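Engineer: Sharing target.tsv here; it has TSV, C-alpha atoms.
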chain	number	residue	atom	x	y	z
W	1	MET	CA	-24.13	-0.72	-182.72
W	2	ARG	CA	-25.26	-2.41	-179.56
W	3	LEU	CA	-28.63	-3.75	-178.53
W	4	LEU	CA	-30.36	-1.38	-176.14
W	5	ASN	CA	-31.20	-2.84	-172.79
W	6	VAL	CA	-34.81	-1.73	-172.46
W	7	LEU	CA	-37.62	-2.26	-170.04
W	8	LEU	CA	-40.50	-3.87	-171.88
W	9	LEU	CA	-43.36	-3.32	-169.54
W	10	ALA	CA	-46.30	-4.39	-171.65
W	11	ALA	CA	-46.46	-7.70	-169.84
W	12	SER	CA	-46.38	-6.20	-166.37
W	13	VAL	CA	-48.34	-3.00	-166.97
W	14	SER	CA	-51.59	-3.90	-168.72
W	15	SER	CA	-54.35	-1.65	-169.94
W	16	LEU	CA	-57.12	-0.72	-167.62
W	17	ALA	CA	-60.07	-3.03	-168.06
W	18	GLY	CA	-61.97	-1.97	-171.15
W	19	GLN	CA	-59.74	1.09	-171.64
W	20	GLU	CA	-56.83	2.01	-173.86
W	21	LYS	CA	-53.57	3.18	-172.32
W	22	PHE	CA	-50.11	4.29	-173.38
W	23	VAL	CA	-47.55	1.88	-171.94
W	24	VAL	CA	-43.78	2.17	-171.88
W	25	GLN	CA	-41.90	0.28	-174.58
W	26	LEU	CA	-38.48	1.83	-173.99
W	27	PHE	CA	-37.19	3.51	-170.83
W	28	HIS	CA	-33.54	4.57	-170.73
W	29	ASP	CA	-32.90	4.09	-167.02
W	30	GLU	CA	-29.14	3.91	-166.59
W	31	ASP	CA	-26.98	5.40	-163.83
W	32	LYS	CA	-24.17	6.38	-166.19
W	33	SER	CA	-26.18	8.29	-168.79
W	34	SER	CA	-29.48	9.98	-169.60
W	35	LEU	CA	-31.32	9.98	-172.92
W	36	THR	CA	-32.97	13.05	-174.40
W	37	LEU	CA	-35.17	12.47	-177.44
W	38	THR	CA	-35.90	15.29	-179.89
W	39	ASP	CA	-38.14	13.64	-182.51
W	40	LEU	CA	-39.85	10.38	-183.45
W	41	LYS	CA	-41.06	8.91	-186.74
W	42	PHE	CA	-42.78	5.61	-187.59
W	43	PRO	CA	-42.97	5.28	-191.38
W	44	SER	CA	-44.77	1.95	-190.88
W	45	ALA	CA	-46.27	-0.06	-188.05
W	46	ARG	CA	-43.05	-2.07	-187.63
W	47	ARG	CA	-40.26	0.42	-188.31
W	48	GLY	CA	-39.57	3.41	-186.08
W	49	VAL	CA	-36.73	5.85	-185.45
W	50	ALA	CA	-36.17	8.36	-182.66
W	51	VAL	CA	-33.24	10.76	-182.47
W	52	GLY	CA	-31.61	12.77	-179.70
W	53	PHE	CA	-28.55	12.52	-177.51
W	54	LEU	CA	-27.00	10.72	-174.58
W	55	THR	CA	-25.53	12.74	-171.71
W	56	GLU	CA	-22.92	10.75	-169.85
W	57	LYS	CA	-21.23	11.30	-166.51
W	58	GLY	CA	-18.77	14.12	-166.79
W	59	GLY	CA	-21.07	15.98	-169.18
W	60	ARG	CA	-20.06	14.25	-172.42
W	61	VAL	CA	-22.85	14.44	-175.00
W	62	ARG	CA	-23.20	11.95	-177.86
W	63	GLY	CA	-25.71	12.01	-180.69
W	64	THR	CA	-27.80	8.87	-181.05
W	65	ALA	CA	-30.68	7.33	-182.94
W	66	VAL	CA	-32.88	4.65	-181.42
W	67	VAL	CA	-34.23	2.21	-184.00
W	68	THR	CA	-36.74	-0.65	-184.14
W	69	SER	CA	-37.74	-2.89	-187.04
W	70	ASP	CA	-40.13	-5.19	-185.15
W	71	ALA	CA	-42.77	-2.81	-183.76
W	72	GLY	CA	-40.84	-2.03	-180.60
W	73	GLN	CA	-40.01	-5.55	-179.48
W	74	HIS	CA	-36.33	-4.66	-179.74
W	75	TRP	CA	-34.54	-1.32	-179.93
W	76	SER	CA	-30.97	-0.55	-180.95
W	77	TYR	CA	-28.69	2.44	-180.39
W	78	VAL	CA	-27.16	3.92	-183.53
W	79	PRO	CA	-24.46	6.54	-182.87
W	80	THR	CA	-24.83	9.72	-184.92
W	81	LYS	CA	-21.96	12.12	-185.56
W	82	GLU	CA	-24.24	15.09	-184.91
W	83	ILE	CA	-27.30	15.50	-182.70
W	84	GLY	CA	-30.54	15.11	-184.60
W	85	THR	CA	-33.20	17.75	-183.95
W	86	SER	CA	-35.94	16.58	-186.36
W	87	LEU	CA	-36.75	13.73	-188.73
W	88	PHE	CA	-38.64	13.09	-191.96
W	89	PHE	CA	-39.22	9.66	-193.53
W	90	LEU	CA	-40.58	9.08	-197.02
W	91	ASN	CA	-40.91	5.32	-196.53
W	92	GLU	CA	-39.50	2.56	-194.31
W	93	THR	CA	-35.92	3.02	-195.47
W	94	ALA	CA	-35.45	6.56	-196.85
W	95	GLY	CA	-35.23	9.27	-194.21
W	96	TRP	CA	-33.61	12.62	-193.45
W	97	MET	CA	-32.29	13.95	-190.14
W	98	VAL	CA	-31.81	17.65	-189.44
W	99	THR	CA	-29.02	18.65	-187.07
W	100	GLN	CA	-27.71	22.00	-185.90
W	101	ALA	CA	-25.08	21.78	-188.63
W	102	GLY	CA	-26.95	20.33	-191.62
W	103	ILE	CA	-28.92	17.43	-193.08
W	104	TRP	CA	-28.13	13.71	-192.99
W	105	PHE	CA	-29.70	10.91	-195.07
W	106	THR	CA	-30.37	7.23	-194.40
W	107	ASP	CA	-31.44	4.53	-196.84
W	108	GLU	CA	-31.33	1.86	-194.13
W	109	GLY	CA	-34.21	2.94	-191.90
W	110	GLY	CA	-31.99	4.96	-189.56
W	111	ARG	CA	-29.26	2.35	-189.03
W	112	SER	CA	-26.62	4.45	-190.80
W	113	TRP	CA	-26.45	8.12	-191.79
W	114	ARG	CA	-24.42	10.24	-194.23
W	115	ARG	CA	-24.34	14.01	-194.46
W	116	ILE	CA	-25.83	15.55	-197.61
W	117	LEU	CA	-25.81	19.24	-196.64
W	118	LYS	CA	-23.67	21.31	-194.29
W	119	ARG	CA	-25.76	24.30	-193.24
W	120	GLU	CA	-26.63	25.90	-189.91
W	121	GLY	CA	-30.03	27.26	-188.94
W	122	LEU	CA	-32.26	24.50	-190.34
W	123	HIS	CA	-35.27	23.19	-188.41
W	124	ARG	CA	-37.07	20.71	-190.68
W	125	VAL	CA	-37.05	18.95	-194.03
W	126	TYR	CA	-39.96	17.62	-196.07
W	127	PHE	CA	-39.98	15.53	-199.28
W	128	ILE	CA	-42.96	14.84	-201.54
W	129	ASP	CA	-41.01	12.18	-203.43
W	130	ALA	CA	-37.46	10.85	-203.56
W	131	GLU	CA	-36.22	13.87	-205.55
W	132	ARG	CA	-38.22	16.95	-204.53
W	133	GLY	CA	-37.95	18.39	-201.04
W	134	TRP	CA	-37.53	21.50	-198.90
W	135	ALA	CA	-35.40	22.50	-195.93
W	136	LEU	CA	-36.54	25.36	-193.73
W	137	GLY	CA	-35.25	27.38	-190.82
W	138	GLY	CA	-33.76	30.77	-190.06
W	139	PRO	CA	-32.89	33.47	-190.51
W	140	LYS	CA	-35.68	33.56	-193.13
W	141	LEU	CA	-34.33	30.37	-194.70
W	142	LEU	CA	-36.10	28.12	-197.22
W	143	LEU	CA	-34.19	25.80	-199.57
W	144	ALA	CA	-35.45	23.46	-202.29
W	145	THR	CA	-33.92	20.40	-203.95
W	146	ARG	CA	-34.88	18.53	-207.12
W	147	ASP	CA	-32.26	15.80	-206.95
W	148	GLY	CA	-32.80	14.14	-203.58
W	149	GLY	CA	-30.66	16.60	-201.66
W	150	LYS	CA	-27.52	16.65	-203.81
W	151	THR	CA	-28.01	20.34	-204.56
W	152	TRP	CA	-30.13	23.00	-202.85
W	153	LYS	CA	-31.32	26.43	-203.97
W	154	LYS	CA	-32.98	29.26	-202.09
W	155	VAL	CA	-36.71	29.73	-202.63
W	156	PRO	CA	-37.09	33.43	-203.54
W	157	GLU	CA	-40.68	33.69	-202.27
W	158	ALA	CA	-39.42	33.11	-198.72
W	159	ASP	CA	-37.76	36.53	-198.75
W	160	LYS	CA	-40.87	38.43	-199.86
W	161	PRO	CA	-42.70	38.82	-196.51
W	162	ARG	CA	-41.84	42.24	-195.09
W	163	THR	CA	-40.39	41.07	-191.80
W	164	ASP	CA	-36.98	41.46	-190.23
W	165	ALA	CA	-34.87	38.57	-191.49
W	166	SER	CA	-32.91	38.40	-188.22
W	167	THR	CA	-36.08	37.57	-186.27
W	168	THR	CA	-37.85	35.49	-188.96
W	169	SER	CA	-37.83	31.70	-189.03
W	170	TYR	CA	-39.70	29.04	-191.00
W	171	ASN	CA	-40.34	26.03	-188.81
W	172	ALA	CA	-43.28	23.89	-189.98
W	173	ILE	CA	-44.34	22.34	-193.29
W	174	GLY	CA	-47.00	19.93	-194.53
W	175	PHE	CA	-48.54	18.71	-197.78
W	176	GLY	CA	-52.09	17.42	-198.21
W	177	THR	CA	-51.39	16.25	-201.76
W	178	PRO	CA	-48.24	16.33	-203.90
W	179	LYS	CA	-49.52	19.67	-205.22
W	180	VAL	CA	-51.02	21.41	-202.18
W	181	GLY	CA	-48.72	22.38	-199.32
W	182	LEU	CA	-48.21	24.94	-196.58
W	183	ILE	CA	-45.22	26.34	-194.70
W	184	ALA	CA	-45.61	28.28	-191.45
W	185	GLY	CA	-43.12	30.59	-189.84
W	186	TRP	CA	-42.97	33.60	-187.58
W	187	SER	CA	-41.22	36.85	-186.88
W	188	ARG	CA	-40.95	37.73	-183.20
W	189	PRO	CA	-39.84	41.05	-181.71
W	190	MET	CA	-36.73	40.95	-179.58
W	191	ARG	CA	-37.21	41.60	-175.86
W	192	ARG	CA	-34.59	44.05	-174.76
W	193	ASN	CA	-33.28	44.45	-171.22
W	194	ARG	CA	-34.46	40.98	-170.24
W	195	LEU	CA	-32.38	39.89	-167.28
W	196	LEU	CA	-34.07	36.57	-166.49
W	197	PRO	CA	-35.94	33.95	-168.49
W	198	SER	CA	-39.68	33.96	-167.83
W	199	TRP	CA	-39.57	30.77	-165.75
W	200	ALA	CA	-36.97	32.29	-163.42
W	201	ASP	CA	-38.94	35.50	-162.82
W	202	THR	CA	-40.77	35.54	-159.49
W	203	LYS	CA	-43.56	37.42	-161.23
W	204	PRO	CA	-43.77	35.81	-164.70
W	205	GLU	CA	-46.85	37.86	-165.58
W	206	ARG	CA	-44.47	40.80	-166.03
W	207	GLN	CA	-43.19	39.01	-169.12
W	208	ARG	CA	-46.43	38.45	-170.95
W	209	GLU	CA	-46.39	36.96	-174.43
W	210	TRP	CA	-45.93	39.61	-177.11
W	211	PRO	CA	-47.72	39.45	-180.48
W	212	SER	CA	-45.70	38.01	-183.33
W	213	THR	CA	-46.18	37.88	-187.08
W	214	LEU	CA	-47.39	34.55	-188.45
W	215	ILE	CA	-46.08	33.90	-191.95
W	216	VAL	CA	-47.85	31.39	-194.19
W	217	LEU	CA	-46.49	30.25	-197.56
W	218	GLN	CA	-48.87	28.22	-199.71
W	219	THR	CA	-48.40	26.25	-202.91
W	220	ARG	CA	-50.91	24.61	-205.23
W	221	ASP	CA	-48.44	23.44	-207.87
W	222	GLY	CA	-46.09	21.19	-205.93
W	223	GLY	CA	-43.77	23.97	-204.84
W	224	GLU	CA	-43.17	25.48	-208.26
W	225	SER	CA	-44.48	28.74	-206.80
W	226	TRP	CA	-45.49	30.00	-203.36
W	227	THR	CA	-47.79	32.78	-202.20
W	228	SER	CA	-47.34	34.43	-198.82
W	229	SER	CA	-49.69	35.95	-196.26
W	230	LEU	CA	-49.12	37.57	-192.87
W	231	ALA	CA	-51.19	37.76	-189.71
W	232	SER	CA	-50.61	39.19	-186.23
W	233	VAL	CA	-50.99	36.45	-183.62
W	234	PHE	CA	-49.77	35.45	-180.20
W	235	GLY	CA	-47.44	32.49	-180.14
W	236	SER	CA	-45.18	30.73	-182.62
W	237	ALA	CA	-46.24	28.17	-185.23
W	238	THR	CA	-44.24	25.04	-184.42
W	239	GLN	CA	-46.09	22.29	-186.31
W	240	VAL	CA	-48.23	21.84	-189.44
W	241	ARG	CA	-50.21	18.67	-190.06
W	242	PHE	CA	-51.95	18.31	-193.40
W	243	ALA	CA	-53.97	15.15	-194.15
W	244	ARG	CA	-55.00	13.98	-197.61
W	245	ASP	CA	-58.64	14.09	-196.52
W	246	GLY	CA	-58.41	17.89	-196.34
W	247	ARG	CA	-57.80	18.43	-192.63
W	248	LEU	CA	-55.15	21.02	-191.81
W	249	VAL	CA	-54.00	21.80	-188.26
W	250	VAL	CA	-51.37	24.30	-187.07
W	251	LEU	CA	-49.89	24.21	-183.56
W	252	LEU	CA	-49.10	27.50	-181.81
W	253	GLU	CA	-46.94	27.52	-178.69
W	254	PHE	CA	-46.45	30.35	-176.21
W	255	ASP	CA	-43.05	30.85	-174.60
W	256	ASP	CA	-43.90	33.60	-172.12
W	257	TYR	CA	-46.77	34.22	-169.72
W	258	PHE	CA	-50.14	33.73	-171.43
W	259	GLU	CA	-53.66	32.52	-170.70
W	260	TRP	CA	-52.82	29.06	-172.04
W	261	PRO	CA	-49.56	27.37	-173.05
W	262	SER	CA	-50.56	26.30	-176.58
W	263	GLU	CA	-53.35	26.40	-179.14
W	264	LEU	CA	-54.46	24.21	-182.05
W	265	LEU	CA	-55.90	25.93	-185.11
W	266	LYS	CA	-57.95	24.25	-187.82
W	267	ILE	CA	-57.47	25.92	-191.19
W	268	ASP	CA	-59.63	25.59	-194.30
W	269	PRO	CA	-57.03	25.17	-197.10
W	270	ARG	CA	-59.51	26.52	-199.68
W	271	THR	CA	-60.46	29.75	-197.95
W	272	GLY	CA	-57.65	30.22	-195.44
W	273	LYS	CA	-60.13	30.74	-192.60
W	274	SER	CA	-58.98	29.45	-189.24
W	275	ALA	CA	-60.68	28.43	-186.01
W	276	THR	CA	-59.36	27.38	-182.61
W	277	VAL	CA	-60.07	23.69	-181.97
W	278	PHE	CA	-58.20	23.19	-178.70
W	279	ARG	CA	-56.62	25.19	-175.90
W	280	ASP	CA	-56.44	24.44	-172.21
W	281	ARG	CA	-54.55	26.00	-169.29
W	282	LYS	CA	-53.50	22.57	-168.03
W	283	SER	CA	-52.28	21.21	-171.39
W	284	ALA	CA	-49.05	22.32	-173.04
W	285	ILE	CA	-49.28	20.65	-176.46
W	286	THR	CA	-45.94	20.13	-178.21
W	287	ASP	CA	-46.93	17.92	-181.17
W	288	VAL	CA	-50.00	16.84	-183.12
W	289	GLU	CA	-50.69	14.06	-185.62
W	290	LEU	CA	-53.53	13.43	-188.07
W	291	VAL	CA	-54.12	9.77	-188.91
W	292	GLU	CA	-55.25	9.36	-192.51
W	293	GLN	CA	-59.01	8.73	-192.43
W	294	GLY	CA	-58.69	8.47	-188.66
W	295	PRO	CA	-58.48	10.50	-185.46
W	296	ALA	CA	-56.20	13.35	-184.44
W	297	TYR	CA	-53.74	12.99	-181.56
W	298	ALA	CA	-52.28	15.86	-179.54
W	299	VAL	CA	-49.46	15.22	-177.06
W	300	GLY	CA	-47.71	17.36	-174.48
W	301	PHE	CA	-47.57	17.73	-170.72
W	302	GLU	CA	-49.28	19.31	-167.76
W	303	PRO	CA	-47.42	22.52	-166.85
W	304	PRO	CA	-46.11	22.28	-163.27
W	305	GLY	CA	-46.57	26.03	-162.68
W	306	LYS	CA	-47.80	29.28	-164.20
W	307	LEU	CA	-45.41	28.93	-167.13
W	308	ALA	CA	-45.37	25.89	-169.39
W	309	HIS	CA	-41.76	26.08	-170.45
W	310	SER	CA	-39.38	25.62	-167.56
W	311	PRO	CA	-36.64	23.13	-166.57
W	312	ILE	CA	-39.24	21.12	-164.62
W	313	PRO	CA	-41.05	18.42	-166.65
W	314	GLY	CA	-44.73	17.74	-166.18
W	315	LYS	CA	-46.96	14.70	-166.46
W	316	LEU	CA	-47.28	13.42	-170.02
W	317	LYS	CA	-50.65	14.22	-171.56
W	318	VAL	CA	-52.32	12.63	-174.59
W	319	LEU	CA	-55.58	13.74	-176.22
W	320	ARG	CA	-57.55	12.28	-179.12
W	321	SER	CA	-60.33	13.70	-181.29
W	322	ASN	CA	-62.41	12.19	-184.07
W	323	ASP	CA	-63.80	15.54	-185.26
W	324	LEU	CA	-61.22	18.18	-184.20
W	325	GLU	CA	-63.83	19.58	-181.83
W	326	HIS	CA	-64.23	17.13	-178.96
W	327	TRP	CA	-61.04	15.93	-177.27
W	328	ALA	CA	-60.67	13.11	-174.76
W	329	GLY	CA	-57.65	12.19	-172.68
W	330	ILE	CA	-56.00	8.76	-172.89
W	331	PRO	CA	-54.32	7.31	-169.76
W	332	VAL	CA	-50.54	7.05	-169.75
W	333	ASP	CA	-47.96	5.31	-167.57
W	334	TYR	CA	-47.74	7.23	-164.31
W	335	ARG	CA	-43.95	7.58	-164.59
W	336	ALA	CA	-44.06	9.39	-167.93
W	337	LEU	CA	-42.90	12.99	-167.55
W	338	ALA	CA	-41.88	15.42	-170.28
W	339	SER	CA	-41.02	18.96	-171.23
W	340	ARG	CA	-41.61	18.03	-174.86
W	341	ALA	CA	-43.34	15.03	-176.41
W	342	PHE	CA	-43.60	13.78	-180.00
W	343	VAL	CA	-46.24	11.58	-181.61
W	344	ALA	CA	-46.11	9.26	-184.63
W	345	ALA	CA	-49.13	7.32	-185.87
W	346	PRO	CA	-48.83	5.18	-189.02
W	347	GLY	CA	-52.33	3.84	-188.26
W	348	PRO	CA	-55.28	4.41	-185.91
W	349	GLN	CA	-54.04	1.74	-183.47
W	350	ASP	CA	-50.32	2.12	-184.16
W	351	VAL	CA	-49.68	5.25	-182.12
W	352	TRP	CA	-46.31	6.00	-180.55
W	353	ILE	CA	-45.02	8.78	-178.30
W	354	ALA	CA	-41.46	9.81	-177.44
W	355	THR	CA	-40.52	12.15	-174.60
W	356	ASP	CA	-37.48	14.32	-174.07
W	357	THR	CA	-36.97	12.40	-170.81
W	358	GLY	CA	-35.95	9.22	-172.64
W	359	MET	CA	-39.22	7.25	-172.90
W	360	ILE	CA	-41.04	5.74	-175.85
W	361	LEU	CA	-44.64	4.63	-175.29
W	362	LYS	CA	-47.17	2.79	-177.42
W	363	LEU	CA	-50.96	2.81	-177.42
W	364	GLN	CA	-52.19	-0.51	-176.03
W	365	SER	CA	-55.78	-1.56	-176.57
W	366	PRO	CA	-57.62	-3.92	-174.23
W	367	PRO	CA	-57.99	-7.50	-175.46
W	368	PRO	CA	-61.27	-8.30	-177.18
W	369	ILE	CA	-64.01	-9.79	-175.03
W	370	HIS	CA	-65.22	-13.18	-176.28
Would you mind writing the file out in structure tokens?

Structural biologist:
Amino acid sequence: MRLLNVLLLAASVSSLAGQEKFVVQLFHDEDKSSLTLTDLKFPSARRGVAVGFLTEKGGRVRGTAVVTSDAGQHWSYVPTKEIGTSLFFLNETAGWMVTQAGIWFTDEGGRSWRRILKREGLHRVYFIDAERGWALGGPKLLLATRDGGKTWKKVPEADKPRTDASTTSYNAIGFGTPKVGLIAGWSRPMRRNRLLPSWADTKPERQREWPSTLIVLQTRDGGESWTSSLASVFGSATQVRFARDGRLVVLLEFDDYFEWPSELLKIDPRTGKSATVFRDRKSAITDVELVEQGPAYAVGFEPPGKLAHSPIPGKLKVLRSNDLEHWAGIPVDYRALASRAFVAAPGPQDVWIATDTGMILKLQSPPPIH
């Protein structure tokens, strides 16, 4: 493990007078390699882990984790044998990393990893305590463990929705309490005779977003049983955030041509009723976070063209809301570009963002006026 040579710009790039701003804490700016980050977690204000991969000259790709234990003052590379695609941390030390080939576990805050499950098709894991957790993905895949990941069993309720297993995936999970939780997935029809991806089509409106089936699994007994419901929607559910204060938000993203690139839904966990709380043509949201007893943060980028998802990154965008109705933008470093961004917020003022372009930024507040 070697110490990452980072650019700490907090001293040279200060907040605007009287205004908060996201400033760069880590910027992988090396001629011989590029860093792509795929997820970020801060289980506490001081300890954070991001995962992704390094692409070196010649095309060699190496999995890596980027770790801090002092609130971003120093960062270290930790090589990973497989490329991490998502993270979940139960506390400062215990965490799980999903890769394309399985699940890895750390009890050292991301500084070492060991494989606990070899399985393709997984997207996320979630644990409500050190023993009980779930792994979800596709096709139509939901696994449960009661022994910290030593053994896994299929959850039979995941097979009950009447959708084509080959096009069905579970991708997002959240718990408001140890008893009350929700899993979101989707089933999308296959587009046949597609010759070009939407972003490469000179007339992307010819490839409008098709409706998909939203699948929701709910539990009120800590995962002992699940009930399922289906709804026809546009977009795919890619994130669920469930706060202990009762707030529940689901992120929908649209891959093809649509009126807006993403949408945030607020759901009443008691009645199941949903309402749109944010959508904007100039904001492609890729992650959302609910601070306990605090604000909500939505992060993404400004689409550079008619379609949000293309090889061209856009300007990083950060929004905050205290009521899930009114959203205000927060300034970010002008160099921050992204095609995907991830947010972690262990506290109202401890807010971090990672981009797939190799940056990690932190919310910096202006100094108090005496």

Engineer: Between W:Ser321, W:Ile330, W:Leu251, W:Gln239, which has the minimum distance to W:Ala275 (counting only C-alpha atoms)?

Structural biologist: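 Between W:Ser321, W:Ile330, W:Leu251, W:Gln239, the residue approaching W:Ala275 most closely is W:Leu251.
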
Engineer: Just how far from atom CA of W:Ala345 is atom CA of W:Glu108, in Å to one decimal?

Structural biologist: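 Going from atom CA of W:Glu108 over to atom CA of W:Ala345, I get 20.4 Å.
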
Engineer: Skipping near chain neighbours, those fewer than 3 positions away, what residues fall within 7 Å of stretch 29-33 of chain W using all atoms listed in the file, listed as a count of residues only?

Structural biologist: 4

Engineer: Residues within 12 Å of stretch 119-125 of chain W, please, as JSON, numbers by chain. Count only C-alpha atoms; anything in the same chain fewer than 2 positions from it doesn't count.

Structural biologist: {"W": [38, 39, 84, 85, 86, 87, 88, 89, 90, 95, 96, 97, 98, 99, 100, 101, 102, 103, 104, 105, 115, 116, 117, 127, 128, 132, 133, 134, 135, 136, 137, 138, 139, 140, 141, 142, 143, 144, 145, 148, 149, 152, 166, 168, 169, 170, 171, 172, 173, 174, 183, 184, 185, 238, 239, 240]}

Engineer: Using all atoms listed in the file, can you tell me which of W:Arg270, W:Lys118, W:Thr36, W:Leu290 comes closest to W:Arg340?

Structural biologist: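 Checking each of W:Arg270, W:Lys118, W:Thr36, W:Leu290 against W:Arg340, counting all atoms listed in the file, the winner is W:Thr36.
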
Engineer: Looking at W:Ser236, W:Thr64, W:Thr106, W:Ser283, which one is nearest to W:Trp260, with distances taken over all atoms listed in the file?

Structural biologist: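 Smallest distance to W:Trp260 is found for W:Ser283.
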
Engineer: Work out how far apart atom CA of W:His326 and atom CA of W:Phe42 are and give it in Å to one decimal.

Structural biologist: 25.8 Å

Engineer: Of the residues W:Gly52, W:Pro156, W:Gly176, W:Gly358, which is the one nearest to W:Arg247, using only C-alpha atoms?

Structural biologist: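 Between W:Gly52, W:Pro156, W:Gly176, W:Gly358, the residue approaching W:Arg247 most closely is W:Gly176.
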
Engineer: Work out how far atom CA of W:Ala354 is from atom CA of W:Leu264, in Å to one decimal.

Structural biologist: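 We find that atom CA of W:Leu264 and atom CA of W:Ala354 lie 19.9 Å from each other.
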
Engineer: Give me, as a ChimeraX atom specification, all polymer residues having an atom no more than 10 Å from W:Pro269, counting only C-alpha atoms and skipping those fewer than 3 positions away in the same chain.

Structural biologist: /W:176,180-182,218,242,246-249,266,272-274

Engineer: Kindly indicate which residue among W:Asp350, W:Asp129, W:Val67, W:Lys179 lies nearest to W:Thr219, using all atoms listed in the file for the distances.

Structural biologist: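 Looking at the shortest contact to W:Thr219, the residue is W:Lys179.
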
Engineer: Mind giving me the axis-aligned box for stretch 311-316 of chain W with 3 Å on every side, centre plus edges in Å to one decimal, as JSON?

Structural biologist:
{"center_x": -42.0, "center_y": 18.3, "center_z": -167.3, "size_x": 16.6, "size_y": 15.7, "size_z": 11.4}

Engineer: Neighbouring residues of W:Val351 were defined as those with any atom within 10 Å, considering all atoms listed in the file; residues of the same chain fewer than 3 positions away were excluded. Please report them as an MDAnalysis selection string.

Structural biologist: chainID W and resid 22 42 45 289 291 297 343:348 361:364

Engineer: Using all atoms listed in the file, which of W:Phe175, W:Trp113, W:Phe27, W:Trp186 sits nearest W:Ser232?

Structural biologist: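 Of W:Phe175, W:Trp113, W:Phe27, W:Trp186, the one nearest W:Ser232 is W:Trp186, counting all atoms listed in the file.
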
Engineer: How would you write as a PDB file with C-alpha atoms, in the frame of the given file the residues that get within 8 Å of (-33.2, 42.3, -185.6) in the file's frame, counting all atoms listed in the file?

Structural biologist:
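Saved as result.pdb:
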ATOM      1  CA  ASP W 164     -36.980  41.460-190.230  1.00  0.00           C
ATOM      2  CA  ALA W 165     -34.870  38.570-191.490  1.00  0.00           C
ATOM      3  CA  SER W 166     -32.910  38.400-188.220  1.00  0.00           C
ATOM      4  CA  THR W 167     -36.080  37.570-186.270  1.00  0.00           C
ATOM      5  CA  PRO W 189     -39.840  41.050-181.710  1.00  0.00           C
ATOM      6  CA  MET W 190     -36.730  40.950-179.580  1.00  0.00           C
TER       7      MET W 190
END

Engineer: W:Glu263: which residues within 8 Å, counting only C-alpha atoms, same-chain residues fewer than 2 positions away excluded, as a list of chain:residue names?

Structural biologist: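 The residues that qualify are W:Leu251, W:Leu252, W:Glu253, W:Trp260, W:Pro261, W:Leu265, W:Thr276, W:Val277, W:Phe278, W:Arg279, W:Asp280, W:Ile285.
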
Engineer: Within 9 Å of (-51.1, 37.3, -194.3) in the file's own coordinates, which protein, DNA or RNA residues have an atom, counting only C-alpha atoms? List them as a VMD selection string.

Structural biologist: chain W and resid 161 213 to 216 228 to 232
